[in-house]
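Engineer: I'd like to ask some things about the structure below.
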Amino acid sequence: MLSLVHLCDSSGRILVGRDYRGEVGSLRVKFFCEERLRRSTGDSPPIEQFDGSTFFTRRLHGLVLLGATSSDVNAAAATEILVALGNVFLAFGIVEHGVAPSPSAVQAKAPLILALLDECLDNGVPQNLDPAMLRNVILVEGATAGPGPVTERQASLPGAVTTRSLTSATPWRPHGVRHTQPSQVLIDVVERVSVTLSSAGAAMSGEVHGVARLTCRMSGMPSCHIAFNEAVPLAGAIFHQCVRLEQFAQRGEITFTPPEGAFDLMTWRQTEDVRPPLRVTTSLTRRGCTRSELVVLVRASFPKELTAFDVRVRIPLPALTSGVVSRLGGAQGTAKWRRSEKVLLWKVRELAGGGDASLALEISTASRTHEEESGRLVPLTLCFNVPQLTATGMRVRFLRVATPDAPVSKFIRYTVCAGTYEVRVPA
């Protein structure tokens, strides 16, 4: 039904949300929020067509509930979903009647909002939109309304959000699972770093989104015990419904019977003390009205035994650029000017820890004819991935598997990669 659901503030900034199918690109959503949502008023239509996608909006006490899809859907049914989601958010105290919450207050409730979106919609299709029933499966500290003995679980992990089954069964894992291949558990700890760096390389803002993804291939009904270090506070984490949180509160271990195949055991978010793996500095020198020189330096601020792979820097150029001359330094790479896109793509295959790479650009522009075409550069962006590294220091202390079958092979991989990684360019 809906490809994505986001909760935005009145200016169109996305605070928290869930993309279920990836039909509508993130850039398209960003442009819609900037071009339409930011300028919308109370009289604006709740359904709009934008760049081949359909966007649905519902104003909710100072916030905007945004849904989008690129498929042919029933507009009335999609609107009813947003209305029901608004009632759910009111019932759980995310928004209040007549009160406009601050963006920081909404983002602080991100674990609860994401848990509700996962429970209300399955791949964008409505499943459970009844607030009374949701209180039986969404467990969060401080929720007192609704039936069910949830007090012990709520108090076990302050601020945590998890879901549970309405019965004592394990619906996420069928009985009688058998494998002819050796049993195996693979843990992928992936963290995405989103930061905004100044031209001097200082972090102006940042956050880390992490996920511990497990792939289990085991016979029977195994019992797993896993423990992480204390690098990241787990109070705001979201756990899979298979996790028994009361045992985590008692022993500091996560105990669960895993589903078959791949699943996200837990996700977390950190907004304080974010340390970017790559530091980027930029300097811009004007050589006249039509010539300028831009120097970009990328430095790896992680141990030298690690390596960043596939480092890609996207450098937007002025609209009136007529020529570009590039000079590379440090690590080897390639620089290619894409005239039609008005960008220069700088690629470095490998960058060792503690090393650096530099790029100097001589940019020639045509004579300006309008004041708005000043040739000012917008922030440049980065993409990269660093195996065996985490931005928060998250590590798996141990993993124990209790199963009557043969011994289980266990593998752990760590990866840190770029989310929204922006670097300011001096004017």
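Within each chain, counting starts at residue 1; across the structure tokens, chains are named A, B, ... in the order shown, with ligands numbered 1 upward in that order.
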Residues of stretch 219-420 of chain A classed as strand (DSSP E) by DSSP on the backbone are to be reported as a PyMOL selection string.

Structural biologist: chain A and resi 223-228+238-239+243-244+254-256+261-270+278-286+291-300+307-316+321-330+334-338+343-352+356-365+380-387+396-402+409-420

Engineer: Just C-alpha atoms for this one: save the residues we selected as a compact mmCIF listing (two decimals), in the first residue's frame.

Structural biologist:
# COMPACT_ATOMS: atom_id res chain seq x y z
CA SER A 223 18.73 -21.14 22.62
CA CYS A 224 21.25 -18.35 22.03
CA HIS A 225 23.00 -16.07 24.53
CA ILE A 226 24.82 -12.97 23.28
CA ALA A 227 26.41 -10.05 25.13
CA PHE A 228 27.73 -6.74 23.83
CA ILE A 238 14.85 -1.68 19.58
CA PHE A 239 14.93 -5.46 19.99
CA VAL A 243 14.49 -11.31 22.80
CA ARG A 244 13.68 -12.01 26.46
CA ILE A 254 20.44 -11.12 25.41
CA THR A 255 18.72 -14.51 25.42
CA PHE A 256 16.56 -15.59 22.50
CA GLY A 261 17.38 -17.10 8.25
CA ALA A 262 18.34 -13.43 8.49
CA PHE A 263 16.79 -10.97 10.94
CA ASP A 264 17.69 -7.81 12.86
CA LEU A 265 18.34 -8.72 16.48
CA MET A 266 18.58 -5.11 17.64
CA THR A 267 19.03 -1.58 16.31
CA TRP A 268 20.42 1.45 18.12
CA ARG A 269 21.08 5.13 17.61
CA GLN A 270 23.74 7.43 19.07
CA LEU A 278 37.22 9.94 7.80
CA ARG A 279 38.12 13.58 8.40
CA VAL A 280 37.77 15.88 5.41
CA THR A 281 39.10 19.43 5.10
CA THR A 282 38.44 21.79 2.22
CA SER A 283 39.93 25.13 1.17
CA LEU A 284 38.75 27.40 -1.63
CA THR A 285 40.89 30.14 -3.21
CA ARG A 286 39.51 32.64 -5.71
CA ARG A 291 38.81 30.95 -11.81
CA SER A 292 39.06 29.26 -8.41
CA GLU A 293 41.08 26.49 -6.77
CA LEU A 294 39.51 23.90 -4.47
CA VAL A 295 41.68 21.56 -2.36
CA VAL A 296 40.08 18.54 -0.67
CA LEU A 297 42.04 16.45 1.86
CA VAL A 298 40.66 13.12 3.18
CA ARG A 299 42.40 11.64 6.22
CA ALA A 300 41.67 8.22 7.77
CA THR A 307 41.60 0.02 5.52
CA ALA A 308 38.74 2.04 4.05
CA PHE A 309 37.51 0.68 0.73
CA ASP A 310 35.64 2.28 -2.16
CA VAL A 311 35.99 5.87 -0.94
CA ARG A 312 33.90 8.06 -3.24
CA VAL A 313 33.75 11.83 -2.97
CA ARG A 314 31.07 13.66 -4.92
CA ILE A 315 32.07 17.30 -5.45
CA PRO A 316 29.33 19.56 -6.86
CA THR A 321 31.70 25.54 -14.89
CA SER A 322 33.46 25.48 -18.25
CA GLY A 323 36.62 23.54 -17.37
CA VAL A 324 38.20 21.48 -14.60
CA VAL A 325 41.84 20.46 -14.09
CA SER A 326 42.51 17.95 -11.27
CA ARG A 327 45.73 16.94 -9.50
CA LEU A 328 45.83 13.88 -7.20
CA GLY A 329 48.05 13.39 -4.17
CA GLY A 330 48.53 10.75 -1.47
CA THR A 334 40.68 8.68 -10.23
CA ALA A 335 38.82 11.93 -10.78
CA LYS A 336 36.16 12.27 -13.47
CA TRP A 337 34.20 15.38 -14.39
CA ARG A 338 30.58 14.67 -15.29
CA VAL A 343 29.79 17.23 -10.41
CA LEU A 344 33.26 15.74 -10.17
CA LEU A 345 33.54 12.16 -8.88
CA TRP A 346 36.72 11.32 -7.02
CA LYS A 347 37.27 7.62 -6.32
CA VAL A 348 39.94 6.07 -4.10
CA ARG A 349 39.99 2.27 -4.11
CA GLU A 350 41.79 1.87 -0.75
CA LEU A 351 42.81 4.25 2.02
CA ALA A 352 44.90 2.81 4.87
CA ASP A 356 45.45 10.58 3.56
CA ALA A 357 44.55 11.46 0.01
CA SER A 358 44.26 14.91 -1.55
CA LEU A 359 42.72 16.40 -4.65
CA ALA A 360 43.34 19.88 -6.04
CA LEU A 361 40.88 21.29 -8.59
CA GLU A 362 41.32 24.31 -10.83
CA ILE A 363 37.79 25.34 -11.76
CA SER A 364 37.07 27.69 -14.64
CA THR A 365 33.62 29.26 -14.96
CA LEU A 380 30.32 17.70 -1.00
CA THR A 381 29.36 14.16 0.06
CA LEU A 382 31.26 10.94 0.82
CA CYS A 383 30.64 7.22 0.56
CA PHE A 384 32.93 4.55 2.04
CA ASN A 385 33.04 1.36 4.09
CA VAL A 386 35.59 0.21 6.66
CA PRO A 387 35.53 -3.50 7.61
CA VAL A 396 30.29 -8.70 20.72
CA ARG A 397 31.74 -10.04 23.98
CA PHE A 398 30.54 -13.60 23.45
CA LEU A 399 27.94 -15.75 21.71
CA ARG A 400 26.83 -19.07 23.17
CA VAL A 401 24.47 -21.44 21.42
CA ALA A 402 22.74 -24.29 23.24
CA SER A 409 30.21 -22.36 13.52
CA LYS A 410 30.12 -18.70 14.57
CA PHE A 411 31.34 -15.75 12.50
CA ILE A 412 31.30 -12.05 13.42
CA ARG A 413 31.81 -9.17 10.99
CA TYR A 414 31.99 -5.46 11.76
CA THR A 415 31.47 -2.70 9.22
CA VAL A 416 31.16 1.07 9.40
CA CYS A 417 29.92 2.95 6.34
CA ALA A 418 28.68 6.39 5.38
CA GLY A 419 25.12 7.52 5.78
CA THR A 420 24.58 11.21 5.00

Engineer: Enumerate as a PDB file with N, CA and C atoms, in the first residue's frame all residues of stretch 161-374 of chain A assigned to alpha helix (DSSP H) by DSSP on the backbone, naming them with the chain letters and numbers the document uses.

Structural biologist:
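What follows is the written file part.pdb:
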ATOM      1  N   LEU A 245      13.741  -9.789  27.414  1.00  0.00           N
ATOM      2  CA  LEU A 245      14.380  -8.647  28.045  1.00  0.00           C
ATOM      3  C   LEU A 245      14.551  -8.814  29.547  1.00  0.00           C
ATOM      4  N   GLU A 246      13.675  -9.598  30.206  1.00  0.00           N
ATOM      5  CA  GLU A 246      13.812  -9.745  31.648  1.00  0.00           C
ATOM      6  C   GLU A 246      15.127 -10.433  32.015  1.00  0.00           C
ATOM      7  N   GLN A 247      15.591 -11.345  31.158  1.00  0.00           N
ATOM      8  CA  GLN A 247      16.864 -11.999  31.429  1.00  0.00           C
ATOM      9  C   GLN A 247      18.039 -11.068  31.136  1.00  0.00           C
ATOM     10  N   PHE A 248      17.847 -10.134  30.204  1.00  0.00           N
ATOM     11  CA  PHE A 248      18.892  -9.151  29.932  1.00  0.00           C
ATOM     12  C   PHE A 248      19.089  -8.245  31.157  1.00  0.00           C
ATOM     13  N   ALA A 249      17.994  -7.869  31.815  1.00  0.00           N
ATOM     14  CA  ALA A 249      18.093  -7.010  32.989  1.00  0.00           C
ATOM     15  C   ALA A 249      18.800  -7.720  34.135  1.00  0.00           C
ATOM     16  N   GLN A 250      18.640  -9.033  34.234  1.00  0.00           N
ATOM     17  CA  GLN A 250      19.214  -9.771  35.354  1.00  0.00           C
ATOM     18  C   GLN A 250      20.691 -10.088  35.144  1.00  0.00           C
ATOM     19  N   ARG A 251      21.071 -10.523  33.917  1.00  0.00           N
ATOM     20  CA  ARG A 251      22.442 -11.000  33.690  1.00  0.00           C
ATOM     21  C   ARG A 251      23.225 -10.168  32.673  1.00  0.00           C
TER      22      ARG A 251
END

Engineer: I'd like the neighbourhood of A:Glu207 as a list in words, where a residue qualifies if any of its atoms comes within 9 Å (using only C-alpha atoms), though same-chain residues fewer than 2 positions away should be ignored.

Structural biologist: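 Final neighbour list, sorted by chain and number: Arg192, Val193, Ser194, Val195, Ser205, His209, Arg269, Gln270, Thr271, Glu272, Asp273 and Val274 of chain A.
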
Engineer: Can you write out the residues you just picked, keeping N, CA and C atoms, as a PDB file, in the first residue's frame?

Structural biologist:
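selection-v1.pdb was written with the following content:
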ATOM      1  N   ARG A 192      26.044   2.975  10.407  1.00  0.00           N
ATOM      2  CA  ARG A 192      26.061   4.033   9.403  1.00  0.00           C
ATOM      3  C   ARG A 192      26.270   5.368  10.112  1.00  0.00           C
ATOM      4  N   VAL A 193      27.295   6.079   9.676  1.00  0.00           N
ATOM      5  CA  VAL A 193      27.646   7.358  10.283  1.00  0.00           C
ATOM      6  C   VAL A 193      27.125   8.479   9.394  1.00  0.00           C
ATOM      7  N   SER A 194      26.328   9.373   9.972  1.00  0.00           N
ATOM      8  CA  SER A 194      25.834  10.562   9.275  1.00  0.00           C
ATOM      9  C   SER A 194      26.357  11.781  10.016  1.00  0.00           C
ATOM     10  N   VAL A 195      27.173  12.584   9.342  1.00  0.00           N
ATOM     11  CA  VAL A 195      27.769  13.755   9.982  1.00  0.00           C
ATOM     12  C   VAL A 195      27.758  14.926   9.009  1.00  0.00           C
ATOM     13  N   SER A 205      27.595  18.298  13.450  1.00  0.00           N
ATOM     14  CA  SER A 205      26.485  17.476  13.931  1.00  0.00           C
ATOM     15  C   SER A 205      26.715  16.060  13.429  1.00  0.00           C
ATOM     16  N   HIS A 209      23.627   5.210  13.292  1.00  0.00           N
ATOM     17  CA  HIS A 209      22.557   4.217  13.302  1.00  0.00           C
ATOM     18  C   HIS A 209      23.192   2.845  13.140  1.00  0.00           C
ATOM     19  N   ARG A 269      20.798   3.806  18.163  1.00  0.00           N
ATOM     20  CA  ARG A 269      21.080   5.134  17.610  1.00  0.00           C
ATOM     21  C   ARG A 269      21.857   5.934  18.636  1.00  0.00           C
ATOM     22  N   GLN A 270      22.920   6.601  18.195  1.00  0.00           N
ATOM     23  CA  GLN A 270      23.736   7.432  19.070  1.00  0.00           C
ATOM     24  C   GLN A 270      23.917   8.795  18.438  1.00  0.00           C
ATOM     25  N   THR A 271      23.695   9.847  19.217  1.00  0.00           N
ATOM     26  CA  THR A 271      23.797  11.217  18.711  1.00  0.00           C
ATOM     27  C   THR A 271      24.870  12.026  19.425  1.00  0.00           C
ATOM     28  N   GLU A 272      25.501  11.472  20.429  1.00  0.00           N
ATOM     29  CA  GLU A 272      26.524  12.189  21.177  1.00  0.00           C
ATOM     30  C   GLU A 272      27.887  11.526  20.974  1.00  0.00           C
ATOM     31  N   ASP A 273      28.926  12.352  21.004  1.00  0.00           N
ATOM     32  CA  ASP A 273      30.306  11.871  20.894  1.00  0.00           C
ATOM     33  C   ASP A 273      30.503  11.006  19.650  1.00  0.00           C
ATOM     34  N   VAL A 274      30.044  11.538  18.507  1.00  0.00           N
ATOM     35  CA  VAL A 274      30.204  10.834  17.231  1.00  0.00           C
ATOM     36  C   VAL A 274      31.574  11.180  16.656  1.00  0.00           C
TER      37      VAL A 274
END

Engineer: Take atom CA of A:Val378 and atom CA of A:Ala203 and report the distance between them in Å, one decimal.

Structural biologist: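 Going from atom CA of A:Val378 over to atom CA of A:Ala203, I get 17.1 Å.
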
Engineer: Could you tell me how far atom CA of A:Lys342 lies from atom CA of A:Val425, in Å and to one decimal?

Structural biologist: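 Computing it gives 15.9 Å between the two atoms.
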
Engineer: So, counting only C-alpha atoms, which residue among A:Ser53, A:Gln181, A:Ser367, A:Gln388 is closest to A:Glu305?

Structural biologist: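 Among the listed residues, the smallest separation from A:Glu305 belongs to A:Gln388.
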